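Take a look at the structure below.
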Amino acid sequence: MAQSTTHTLPPPFNSSSTTPKPPLITQGAEALLYKTTYLTPSTPIALKHRPKKSYRHPTLDTRLTKARILAEARVLVKCKREGVVVPAVLGADWEEGWLACEWIEGKTIRAALDGYLKRDVGEEADLRGEGVRGLMGRIGVVLAKLHGIGVVHGDLTTSNLMVRQLEREGDGLESLSLGENREKGLEGEVVIIDFGLATQSVQDEDRAVDLYVLERAFGSTHPQAEGLFEEVLRVYGESYKGAKVVLRRLEDVRLRGRKKSMIG
Amino acid sequence: MIALGLEGSANKLGIGLISHPAQGKPPIILANLRHTYHAPPGSGFLPKETAKHHRSWIVRLVKQTLQQTGITPSQISCICYTKGPGMGAPLQSVAVAARTIALLWGLEDKLIGVNHCVGHIEMGRAITRASNPVVLYVSGGNTQVIAYSHYRYRIFGEALDIAIGNCLDRFARALNIPNDPAPGYNIEQLAKGGKELVDLPYAVKGMDCSFSGILAWVEGLADRLASDENDSRADRLKTEEGKVVTPADLCFSLQETVFAMLVEITERAMAHVGAEQVLIVGGVGCNERLQQMMGLMARERGGSVYATDERFCIDNGIMIAQAGLLAYGTGVRGTVEDSETTQRFRTDEVYIGWRERDG
């Protein structure tokens, strides 16, 4: 998927001609994500570059790029300050279109779920497993915390939620890293990434749409695991004041979206 | 196998005749006739008048189809009609015609109700030979980003309020742009003369988007447009650089903004499912600026765009025949008694038995 076509890195990351070009991790819709270093050669970062989009009118492109990089940086800082687990911001340049963030070691929820469901092939995946339900619950908690501080992500998918890899040494967690633990891939702290479409909002409508977007991502990416999303919502509903109202609003949004009347 | 397709879910009445020769051979289009009901400028097409239009034209078009092709009813395997989604009265008037024809020709147990959206997708795939594309379905009533998985066309993104075509149609009404041949077509032609980009709301939420706020915004600007570039009235709308805004500029700005939103959500879906092909279907899909923008996006991703022209993009009977015949080929049958219509019919409700599980 991530073919490195003719994309070039923005300055200053294009300066060192001696070192090889850093690896392209993924090509999203709007941005290219590289793993490189910043500030010190031993500080790994996720560099998010938003190249110019030739399909967009240049004025609109400049406006969107600037607004999105600034909004993303502001939201990330706010999350960090309020205790929501997100990558730290290390630098940004909206003229050149880049944002440098802390590198998160781990895998996406999408990969974790795919791995879990694959291992469980057979006719029916075990969706009752403690590990997988626990993970859904942790997602619910993190989303509740995010919404609780007045941030709406805007693009929640299972690719934009990560499970941070557990530290293998030091933390006394060695006992958890037993290779035969089949739910091992589901353990770890849930980290929200990619705040490229995030906005600051405390409106129930925005929060409900946020959840709705994730619900649909679940249904379309992991059709076998659609039922798991209920657990995310259950824990979400218990995790902050106002969550119940959002869940009621979600029902309205569903009527407008997924099952809405489609004329023509 | 030959199928007759009848489409009338909105203001187009379409009759199509398609043939599927042998296994693995491309379908042959025998006839693709269409007659459109145009509402007067400043208004939209209403169910009652549209249904009346369909009733008065359908016999003529079906007769013409047979005459033109020399096909006799005995050669036809099944009758396919649009089950939904769409406007109730026009859908029903065409369904009545489909039942009548089925009874007359002895095909009363071979009446196939087709999902309109699936018809668009299958016709697009047949014409362009795109094997497993992400589909952008854009029309007067629908805005969806779709990808196939596990025997369903799954909806990844869609408009949360009004459809893109509805936004364009109503914008045309606000500016009194004619409905003939199509409001969107006339906006497209006007936009070619536009230069100034007006700052408009941009509403993308993940793979979903919203158009009602943009529509309200541009409708509010309609009264303040300049008659031409030399209009010097003080109360006229101006850009940040102080240039006056003409109707052409507003058409241009609207297209640039809403199409950028559509391309963005399509690109996000492509990134999400890892697809390289994108297929545009539906009436708005004939817009060449949209096709061009999608092409630029696809090229930057190392992929390609597939689009069809107005014969297949705009509602037509052949697409209903195509999707119906595919279903017929897998053993789907329908009787006159079961031949209902429905205004609400989601794309992902249809079991796509004619495709492999993973594409």
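Naming scheme: A, B, ... for chains in displayed order of the structure tokens; residues 1 onward per chain; ligands 1 onward as shown.
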
Practice problem: Compile the residues of chain B that lie within 6 Å of chain A, evaluated using only C-alpha atoms, and express the compilation as a list of chain:residue names. | Solution: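 Selected residues: B:Ser9, B:Ala10, B:Pro85, B:Gly86, B:Met87, B:Gly141, B:Leu160, B:Lys205, B:Gly206, B:Ala260, B:Glu267, B:Arg268, B:Ala271, B:Gly274, B:Met293, B:Leu296, B:Arg344.
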
Exercise. Pull the alpha helix (DSSP H) assignments for stretch 78-232 of chain A out of DSSP run on the backbone, and list those residues as a ChimeraX atom specification.
Key: /A:78-82,109-119,130-148,204-221,229-232

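Counting only C-alpha atoms, stretch 11-19 of chain B has the following residues at most 7 Å away, ignoring those fewer than 6 positions along the same chain: Met1, Ile2, Ala3, Leu4, Gly5, Pro27, Ile28, Ile29, Leu30, Ala31, Asn32, Leu33, Arg34, His35, Thr36, Tyr37, Phe45, Thr50, His54, Leu61, Val62, Asp315, Asn316, Gly317, Ile318, Ala321 and Gln322 of chain B.
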
Take the selection from the previous step and output its residues with N, CA, C and O atoms, as an mmCIF file, in the first residue's frame.
data_model
loop_
_atom_site.group_PDB
_atom_site.id
_atom_site.type_symbol
_atom_site.label_atom_id
_atom_site.label_comp_id
_atom_site.auth_asym_id
_atom_site.auth_seq_id
_atom_site.Cartn_x
_atom_site.Cartn_y
_atom_site.Cartn_z
ATOM 1 N N MET B 1 -28.563 -15.078 -22.385
ATOM 2 C CA MET B 1 -29.595 -14.515 -21.516
ATOM 3 C C MET B 1 -29.769 -13.026 -21.810
ATOM 4 O O MET B 1 -28.803 -12.289 -21.866
ATOM 5 N N ILE B 2 -31.021 -12.627 -21.979
ATOM 6 C CA ILE B 2 -31.311 -11.223 -22.243
ATOM 7 C C ILE B 2 -32.245 -10.710 -21.153
ATOM 8 O O ILE B 2 -33.166 -11.422 -20.735
ATOM 9 N N ALA B 3 -31.979 -9.493 -20.649
ATOM 10 C CA ALA B 3 -32.847 -8.906 -19.622
ATOM 11 C C ALA B 3 -33.311 -7.529 -20.050
ATOM 12 O O ALA B 3 -32.562 -6.769 -20.680
ATOM 13 N N LEU B 4 -34.562 -7.231 -19.678
ATOM 14 C CA LEU B 4 -35.098 -5.890 -19.879
ATOM 15 C C LEU B 4 -35.014 -5.168 -18.532
ATOM 16 O O LEU B 4 -35.399 -5.737 -17.513
ATOM 17 N N GLY B 5 -34.498 -3.929 -18.546
ATOM 18 C CA GLY B 5 -34.384 -3.176 -17.302
ATOM 19 C C GLY B 5 -35.224 -1.913 -17.351
ATOM 20 O O GLY B 5 -35.203 -1.196 -18.345
ATOM 21 N N PRO B 27 -20.793 -8.232 -21.282
ATOM 22 C CA PRO B 27 -22.192 -8.069 -21.656
ATOM 23 C C PRO B 27 -22.339 -7.203 -22.914
ATOM 24 O O PRO B 27 -21.484 -6.363 -23.200
ATOM 25 N N ILE B 28 -23.420 -7.414 -23.638
ATOM 26 C CA ILE B 28 -23.675 -6.634 -24.847
ATOM 27 C C ILE B 28 -24.891 -5.733 -24.595
ATOM 28 O O ILE B 28 -25.954 -6.221 -24.182
ATOM 29 N N ILE B 29 -24.707 -4.443 -24.834
ATOM 30 C CA ILE B 29 -25.815 -3.508 -24.648
ATOM 31 C C ILE B 29 -26.603 -3.428 -25.943
ATOM 32 O O ILE B 29 -26.086 -3.004 -26.972
ATOM 33 N N LEU B 30 -27.855 -3.862 -25.871
ATOM 34 C CA LEU B 30 -28.685 -3.871 -27.083
ATOM 35 C C LEU B 30 -29.433 -2.551 -27.239
ATOM 36 O O LEU B 30 -29.593 -2.050 -28.345
ATOM 37 N N ALA B 31 -29.908 -2.003 -26.123
ATOM 38 C CA ALA B 31 -30.627 -0.733 -26.191
ATOM 39 C C ALA B 31 -30.503 -0.016 -24.856
ATOM 40 O O ALA B 31 -30.429 -0.644 -23.802
ATOM 41 N N ASN B 32 -30.471 1.314 -24.902
ATOM 42 C CA ASN B 32 -30.384 2.121 -23.680
ATOM 43 C C ASN B 32 -31.131 3.422 -23.941
ATOM 44 O O ASN B 32 -30.558 4.402 -24.384
ATOM 45 N N LEU B 33 -32.434 3.417 -23.675
ATOM 46 C CA LEU B 33 -33.264 4.584 -23.975
ATOM 47 C C LEU B 33 -33.618 5.332 -22.697
ATOM 48 O O LEU B 33 -33.785 4.722 -21.639
ATOM 49 N N ARG B 34 -33.754 6.648 -22.851
ATOM 50 C CA ARG B 34 -34.057 7.431 -21.651
ATOM 51 C C ARG B 34 -34.893 8.640 -22.014
ATOM 52 O O ARG B 34 -34.724 9.229 -23.076
ATOM 53 N N HIS B 35 -35.814 8.971 -21.125
ATOM 54 C CA HIS B 35 -36.561 10.212 -21.278
ATOM 55 C C HIS B 35 -36.617 10.891 -19.915
ATOM 56 O O HIS B 35 -36.933 10.255 -18.917
ATOM 57 N N THR B 36 -36.283 12.191 -19.893
ATOM 58 C CA THR B 36 -36.150 12.900 -18.617
ATOM 59 C C THR B 36 -37.263 13.900 -18.413
ATOM 60 O O THR B 36 -37.645 14.619 -19.346
ATOM 61 N N TYR B 37 -37.763 13.929 -17.177
ATOM 62 C CA TYR B 37 -38.744 14.952 -16.809
ATOM 63 C C TYR B 37 -38.009 16.171 -16.259
ATOM 64 O O TYR B 37 -37.277 16.071 -15.281
ATOM 65 N N PHE B 45 -38.187 18.593 -9.247
ATOM 66 C CA PHE B 45 -39.218 17.662 -9.723
ATOM 67 C C PHE B 45 -39.928 17.042 -8.524
ATOM 68 O O PHE B 45 -39.308 16.622 -7.567
ATOM 69 N N THR B 50 -43.628 13.690 -11.673
ATOM 70 C CA THR B 50 -42.617 12.768 -12.197
ATOM 71 C C THR B 50 -43.248 11.412 -12.525
ATOM 72 O O THR B 50 -42.981 10.824 -13.579
ATOM 73 N N HIS B 54 -43.541 9.378 -16.144
ATOM 74 C CA HIS B 54 -43.115 8.001 -16.383
ATOM 75 C C HIS B 54 -44.265 7.178 -16.977
ATOM 76 O O HIS B 54 -44.066 6.409 -17.925
ATOM 77 N N LEU B 61 -41.508 3.940 -24.860
ATOM 78 C CA LEU B 61 -40.076 3.593 -24.798
ATOM 79 C C LEU B 61 -39.844 2.085 -24.901
ATOM 80 O O LEU B 61 -38.906 1.646 -25.567
ATOM 81 N N VAL B 62 -40.725 1.300 -24.256
ATOM 82 C CA VAL B 62 -40.538 -0.159 -24.325
ATOM 83 C C VAL B 62 -40.762 -0.646 -25.754
ATOM 84 O O VAL B 62 -39.987 -1.445 -26.289
ATOM 85 N N ASP B 315 -28.953 8.048 -14.358
ATOM 86 C CA ASP B 315 -29.865 6.913 -14.200
ATOM 87 C C ASP B 315 -30.288 6.365 -15.560
ATOM 88 O O ASP B 315 -30.639 7.128 -16.467
ATOM 89 N N ASN B 316 -30.265 5.046 -15.680
ATOM 90 C CA ASN B 316 -30.622 4.426 -16.955
ATOM 91 C C ASN B 316 -31.184 3.039 -16.710
ATOM 92 O O ASN B 316 -31.045 2.468 -15.624
ATOM 93 N N GLY B 317 -31.814 2.491 -17.719
ATOM 94 C CA GLY B 317 -32.423 1.177 -17.571
ATOM 95 C C GLY B 317 -31.424 0.045 -17.697
ATOM 96 O O GLY B 317 -31.599 -1.024 -17.118
ATOM 97 N N ILE B 318 -30.355 0.301 -18.442
ATOM 98 C CA ILE B 318 -29.399 -0.770 -18.716
ATOM 99 C C ILE B 318 -28.715 -1.239 -17.427
ATOM 100 O O ILE B 318 -28.429 -2.411 -17.243
ATOM 101 N N ALA B 321 -30.956 -3.601 -15.722
ATOM 102 C CA ALA B 321 -30.918 -4.883 -16.425
ATOM 103 C C ALA B 321 -29.631 -5.642 -16.076
ATOM 104 O O ALA B 321 -29.659 -6.853 -15.830
ATOM 105 N N GLN B 322 -28.517 -4.927 -16.027
ATOM 106 C CA GLN B 322 -27.222 -5.553 -15.738
ATOM 107 C C GLN B 322 -27.202 -6.187 -14.340
ATOM 108 O O GLN B 322 -26.889 -7.368 -14.190
#

Practice problem: Can you work out which one of B:Ala275, B:Asp338, B:Ala39, B:Leu66 has the shortest atom-to-atom distance to B:Ser149, counting only C-alpha atoms? | Solution: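 Selected residue with least distance to B:Ser149: B:Ala275.
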
Quiz prompt | strand (DSSP E) per DSSP on the backbone: members of stretch 21-244 of chain B, as a PyMOL selection string | solution = chain B and resi 28-36+78-84+111-115+134-138+143-149+152-158+204-205+208-209

Residues of the last selection are to be written out with N, CA and C atoms, as a short mmCIF file (atom, residue, chain, number, x, y, z; two decimals), in the first residue's frame.
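Now in again29.cif:
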data_model
loop_
_atom_site.label_atom_id
_atom_site.label_comp_id
_atom_site.auth_asym_id
_atom_site.auth_seq_id
_atom_site.Cartn_x
_atom_site.Cartn_y
_atom_site.Cartn_z
N ILE B 28 -23.42 -7.41 -23.64
CA ILE B 28 -23.68 -6.63 -24.85
C ILE B 28 -24.89 -5.73 -24.59
N ILE B 29 -24.71 -4.44 -24.83
CA ILE B 29 -25.81 -3.51 -24.65
C ILE B 29 -26.60 -3.43 -25.94
N LEU B 30 -27.85 -3.86 -25.87
CA LEU B 30 -28.69 -3.87 -27.08
C LEU B 30 -29.43 -2.55 -27.24
N ALA B 31 -29.91 -2.00 -26.12
CA ALA B 31 -30.63 -0.73 -26.19
C ALA B 31 -30.50 -0.02 -24.86
N ASN B 32 -30.47 1.31 -24.90
CA ASN B 32 -30.38 2.12 -23.68
C ASN B 32 -31.13 3.42 -23.94
N LEU B 33 -32.43 3.42 -23.68
CA LEU B 33 -33.26 4.58 -23.98
C LEU B 33 -33.62 5.33 -22.70
N ARG B 34 -33.75 6.65 -22.85
CA ARG B 34 -34.06 7.43 -21.65
C ARG B 34 -34.89 8.64 -22.01
N HIS B 35 -35.81 8.97 -21.12
CA HIS B 35 -36.56 10.21 -21.28
C HIS B 35 -36.62 10.89 -19.92
N THR B 36 -36.28 12.19 -19.89
CA THR B 36 -36.15 12.90 -18.62
C THR B 36 -37.26 13.90 -18.41
N CYS B 78 -35.67 -12.31 -18.28
CA CYS B 78 -36.27 -11.74 -17.07
C CYS B 78 -36.51 -10.24 -17.23
N ILE B 79 -37.44 -9.75 -16.40
CA ILE B 79 -37.75 -8.32 -16.37
C ILE B 79 -37.16 -7.76 -15.08
N CYS B 80 -36.32 -6.73 -15.18
CA CYS B 80 -35.70 -6.14 -14.00
C CYS B 80 -36.24 -4.71 -13.83
N TYR B 81 -36.59 -4.40 -12.59
CA TYR B 81 -37.10 -3.04 -12.34
C TYR B 81 -36.45 -2.53 -11.05
N THR B 82 -36.46 -1.22 -10.87
CA THR B 82 -35.87 -0.63 -9.68
C THR B 82 -36.80 -0.80 -8.49
N LYS B 83 -36.31 -1.50 -7.48
CA LYS B 83 -37.11 -1.72 -6.28
C LYS B 83 -37.00 -0.50 -5.34
N GLY B 84 -35.85 0.14 -5.37
CA GLY B 84 -35.59 1.30 -4.54
C GLY B 84 -34.09 1.49 -4.44
N LEU B 111 -39.41 -11.81 -12.33
CA LEU B 111 -39.45 -10.37 -12.17
C LEU B 111 -38.44 -10.01 -11.07
N ILE B 112 -37.37 -9.31 -11.43
CA ILE B 112 -36.28 -9.09 -10.48
C ILE B 112 -36.28 -7.63 -10.00
N GLY B 113 -36.45 -7.43 -8.70
CA GLY B 113 -36.36 -6.09 -8.11
C GLY B 113 -34.90 -5.76 -7.82
N VAL B 114 -34.43 -4.62 -8.32
CA VAL B 114 -33.00 -4.30 -8.24
C VAL B 114 -32.78 -3.07 -7.36
N ASN B 115 -31.73 -3.13 -6.55
CA ASN B 115 -31.31 -1.95 -5.79
C ASN B 115 -30.64 -0.97 -6.75
N VAL B 134 -12.73 1.09 -5.09
CA VAL B 134 -13.52 1.88 -4.15
C VAL B 134 -14.48 2.68 -5.02
N VAL B 135 -15.76 2.70 -4.64
CA VAL B 135 -16.76 3.36 -5.48
C VAL B 135 -17.23 4.65 -4.83
N LEU B 136 -17.18 5.72 -5.58
CA LEU B 136 -17.84 6.96 -5.13
C LEU B 136 -19.15 7.06 -5.90
N TYR B 137 -20.24 6.99 -5.15
CA TYR B 137 -21.56 7.03 -5.76
C TYR B 137 -22.18 8.39 -5.42
N VAL B 138 -22.29 9.22 -6.44
CA VAL B 138 -22.75 10.60 -6.22
C VAL B 138 -23.89 10.93 -7.16
N THR B 143 -24.90 10.08 -1.71
CA THR B 143 -23.46 10.38 -1.67
C THR B 143 -22.85 9.30 -0.80
N GLN B 144 -22.19 8.33 -1.41
CA GLN B 144 -21.63 7.23 -0.63
C GLN B 144 -20.25 6.85 -1.15
N VAL B 145 -19.38 6.49 -0.22
CA VAL B 145 -18.11 5.87 -0.57
C VAL B 145 -18.23 4.40 -0.18
N ILE B 146 -18.07 3.53 -1.17
CA ILE B 146 -18.40 2.12 -1.01
C ILE B 146 -17.20 1.25 -1.35
N ALA B 147 -17.02 0.18 -0.61
CA ALA B 147 -16.03 -0.83 -1.00
C ALA B 147 -16.64 -2.20 -0.79
N TYR B 148 -16.25 -3.13 -1.64
CA TYR B 148 -16.81 -4.49 -1.57
C TYR B 148 -16.06 -5.33 -0.55
N SER B 149 -16.79 -6.12 0.21
CA SER B 149 -16.18 -7.08 1.11
C SER B 149 -17.21 -8.11 1.54
N ARG B 152 -20.95 -8.10 0.14
CA ARG B 152 -21.76 -6.88 0.31
C ARG B 152 -20.97 -5.69 -0.22
N TYR B 153 -21.71 -4.71 -0.72
CA TYR B 153 -21.10 -3.41 -0.97
C TYR B 153 -21.26 -2.62 0.31
N ARG B 154 -20.15 -2.43 1.00
CA ARG B 154 -20.21 -1.80 2.32
C ARG B 154 -19.97 -0.30 2.21
N ILE B 155 -20.75 0.43 2.98
CA ILE B 155 -20.69 1.88 2.92
C ILE B 155 -19.67 2.38 3.94
N PHE B 156 -18.59 2.97 3.46
CA PHE B 156 -17.54 3.46 4.37
C PHE B 156 -17.79 4.90 4.76
N GLY B 157 -18.29 5.66 3.82
CA GLY B 157 -18.55 7.06 4.12
C GLY B 157 -19.77 7.52 3.35
N GLU B 158 -20.42 8.55 3.86
CA GLU B 158 -21.58 9.07 3.15
C GLU B 158 -21.90 10.48 3.64
N VAL B 204 -15.82 17.97 6.34
CA VAL B 204 -15.48 16.56 6.25
C VAL B 204 -15.34 16.01 7.65
N LYS B 205 -15.99 14.88 7.92
CA LYS B 205 -15.85 14.22 9.21
C LYS B 205 -15.43 12.79 8.94
N ASP B 208 -17.06 10.68 6.24
CA ASP B 208 -18.38 11.27 5.99
C ASP B 208 -18.23 12.75 5.68
N CYS B 209 -19.27 13.32 5.12
CA CYS B 209 -19.23 14.75 4.86
C CYS B 209 -20.65 15.31 4.96
#

Self-check item: Between atom CA of A:Leu113 and atom CA of A:Gly242, distance in Å (one decimal)
Solution: 29.0 Å

Self-check item: Residue contacts of stretch 279-286 of chain B (9 Å, only C-alpha atoms) excluding same-chain residues fewer than 4 positions away, as a PyMOL selection string
Solution: chain B and resi 117+120-121+123-125+128+130+133-140+142-143+164-165+184-185+290-291+294+304-310+312-315

Practice problem: Compile the contact shell of A:Asp204 as a list in words: residues with an atom at most 9 Å away, counting only C-alpha atoms, same-chain residues fewer than 4 positions apart removed. | Solution: Ala208, Val209, Gly242, Ala243, Val245, Val246, Leu247, Arg249 and Leu250 of chain A

Only all heavy atoms, please: the residues just picked out, written as a PDB file, in the first residue's frame.
ATOM      1  N   ALA A 208     -21.295  12.494  19.326  1.00  0.00           N
ATOM      2  CA  ALA A 208     -22.055  11.350  18.815  1.00  0.00           C
ATOM      3  C   ALA A 208     -21.591  10.984  17.410  1.00  0.00           C
ATOM      4  O   ALA A 208     -21.435   9.805  17.089  1.00  0.00           O
ATOM      5  CB  ALA A 208     -23.552  11.665  18.826  1.00  0.00           C
ATOM      6  N   VAL A 209     -21.335  11.985  16.580  1.00  0.00           N
ATOM      7  CA  VAL A 209     -20.862  11.710  15.213  1.00  0.00           C
ATOM      8  C   VAL A 209     -19.491  11.042  15.279  1.00  0.00           C
ATOM      9  O   VAL A 209     -19.197  10.122  14.520  1.00  0.00           O
ATOM     10  CB  VAL A 209     -20.823  13.003  14.368  1.00  0.00           C
ATOM     11  CG1 VAL A 209     -20.103  12.757  13.044  1.00  0.00           C
ATOM     12  CG2 VAL A 209     -22.232  13.508  14.101  1.00  0.00           C
ATOM     13  N   GLY A 242     -22.352  13.084  31.281  1.00  0.00           N
ATOM     14  CA  GLY A 242     -22.750  13.568  29.960  1.00  0.00           C
ATOM     15  C   GLY A 242     -22.660  12.505  28.880  1.00  0.00           C
ATOM     16  O   GLY A 242     -23.147  12.692  27.772  1.00  0.00           O
ATOM     17  N   ALA A 243     -22.026  11.375  29.206  1.00  0.00           N
ATOM     18  CA  ALA A 243     -21.852  10.321  28.199  1.00  0.00           C
ATOM     19  C   ALA A 243     -23.193   9.712  27.790  1.00  0.00           C
ATOM     20  O   ALA A 243     -23.408   9.386  26.624  1.00  0.00           O
ATOM     21  CB  ALA A 243     -20.922   9.236  28.734  1.00  0.00           C
ATOM     22  N   VAL A 245     -26.071  11.135  27.564  1.00  0.00           N
ATOM     23  CA  VAL A 245     -26.759  12.022  26.614  1.00  0.00           C
ATOM     24  C   VAL A 245     -26.169  11.817  25.213  1.00  0.00           C
ATOM     25  O   VAL A 245     -26.888  11.793  24.211  1.00  0.00           O
ATOM     26  CB  VAL A 245     -26.600  13.500  27.044  1.00  0.00           C
ATOM     27  CG1 VAL A 245     -27.451  14.410  26.179  1.00  0.00           C
ATOM     28  CG2 VAL A 245     -26.963  13.659  28.507  1.00  0.00           C
ATOM     29  N   VAL A 246     -24.847  11.671  25.154  1.00  0.00           N
ATOM     30  CA  VAL A 246     -24.179  11.472  23.867  1.00  0.00           C
ATOM     31  C   VAL A 246     -24.653  10.167  23.235  1.00  0.00           C
ATOM     32  O   VAL A 246     -24.924  10.110  22.033  1.00  0.00           O
ATOM     33  CB  VAL A 246     -22.647  11.474  24.049  1.00  0.00           C
ATOM     34  CG1 VAL A 246     -21.950  11.096  22.757  1.00  0.00           C
ATOM     35  CG2 VAL A 246     -22.168  12.833  24.537  1.00  0.00           C
ATOM     36  N   LEU A 247     -24.798   9.128  24.049  1.00  0.00           N
ATOM     37  CA  LEU A 247     -25.229   7.831  23.511  1.00  0.00           C
ATOM     38  C   LEU A 247     -26.660   7.908  22.977  1.00  0.00           C
ATOM     39  O   LEU A 247     -26.982   7.282  21.962  1.00  0.00           O
ATOM     40  CB  LEU A 247     -25.121   6.738  24.571  1.00  0.00           C
ATOM     41  CG  LEU A 247     -23.686   6.372  24.976  1.00  0.00           C
ATOM     42  CD1 LEU A 247     -23.684   5.260  26.005  1.00  0.00           C
ATOM     43  CD2 LEU A 247     -22.845   5.970  23.769  1.00  0.00           C
ATOM     44  N   ARG A 249     -27.919  10.633  21.759  1.00  0.00           N
ATOM     45  CA  ARG A 249     -27.762  11.397  20.522  1.00  0.00           C
ATOM     46  C   ARG A 249     -27.268  10.499  19.390  1.00  0.00           C
ATOM     47  O   ARG A 249     -27.655  10.663  18.234  1.00  0.00           O
ATOM     48  CB  ARG A 249     -26.763  12.541  20.783  1.00  0.00           C
ATOM     49  CG  ARG A 249     -26.645  13.517  19.646  1.00  0.00           C
ATOM     50  CD  ARG A 249     -27.955  14.262  19.461  1.00  0.00           C
ATOM     51  NE  ARG A 249     -27.834  15.276  18.443  1.00  0.00           N
ATOM     52  CZ  ARG A 249     -28.181  16.537  18.613  1.00  0.00           C
ATOM     53  NH1 ARG A 249     -28.699  16.941  19.758  1.00  0.00           N
ATOM     54  NH2 ARG A 249     -28.047  17.401  17.638  1.00  0.00           N
ATOM     55  N   LEU A 250     -26.412   9.557  19.750  1.00  0.00           N
ATOM     56  CA  LEU A 250     -25.875   8.620  18.755  1.00  0.00           C
ATOM     57  C   LEU A 250     -27.005   7.877  18.042  1.00  0.00           C
ATOM     58  O   LEU A 250     -26.924   7.605  16.846  1.00  0.00           O
ATOM     59  CB  LEU A 250     -24.917   7.638  19.444  1.00  0.00           C
ATOM     60  CG  LEU A 250     -24.336   6.501  18.603  1.00  0.00           C
ATOM     61  CD1 LEU A 250     -23.490   7.042  17.451  1.00  0.00           C
ATOM     62  CD2 LEU A 250     -23.490   5.566  19.454  1.00  0.00           C
TER      63      LEU A 250
END

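The nearest approach to A:Thr65 among the residues A:Pro12, A:Gly83, A:Pro41, A:Gly97, with only C-alpha atoms taken into account, belongs to A:Gly97.
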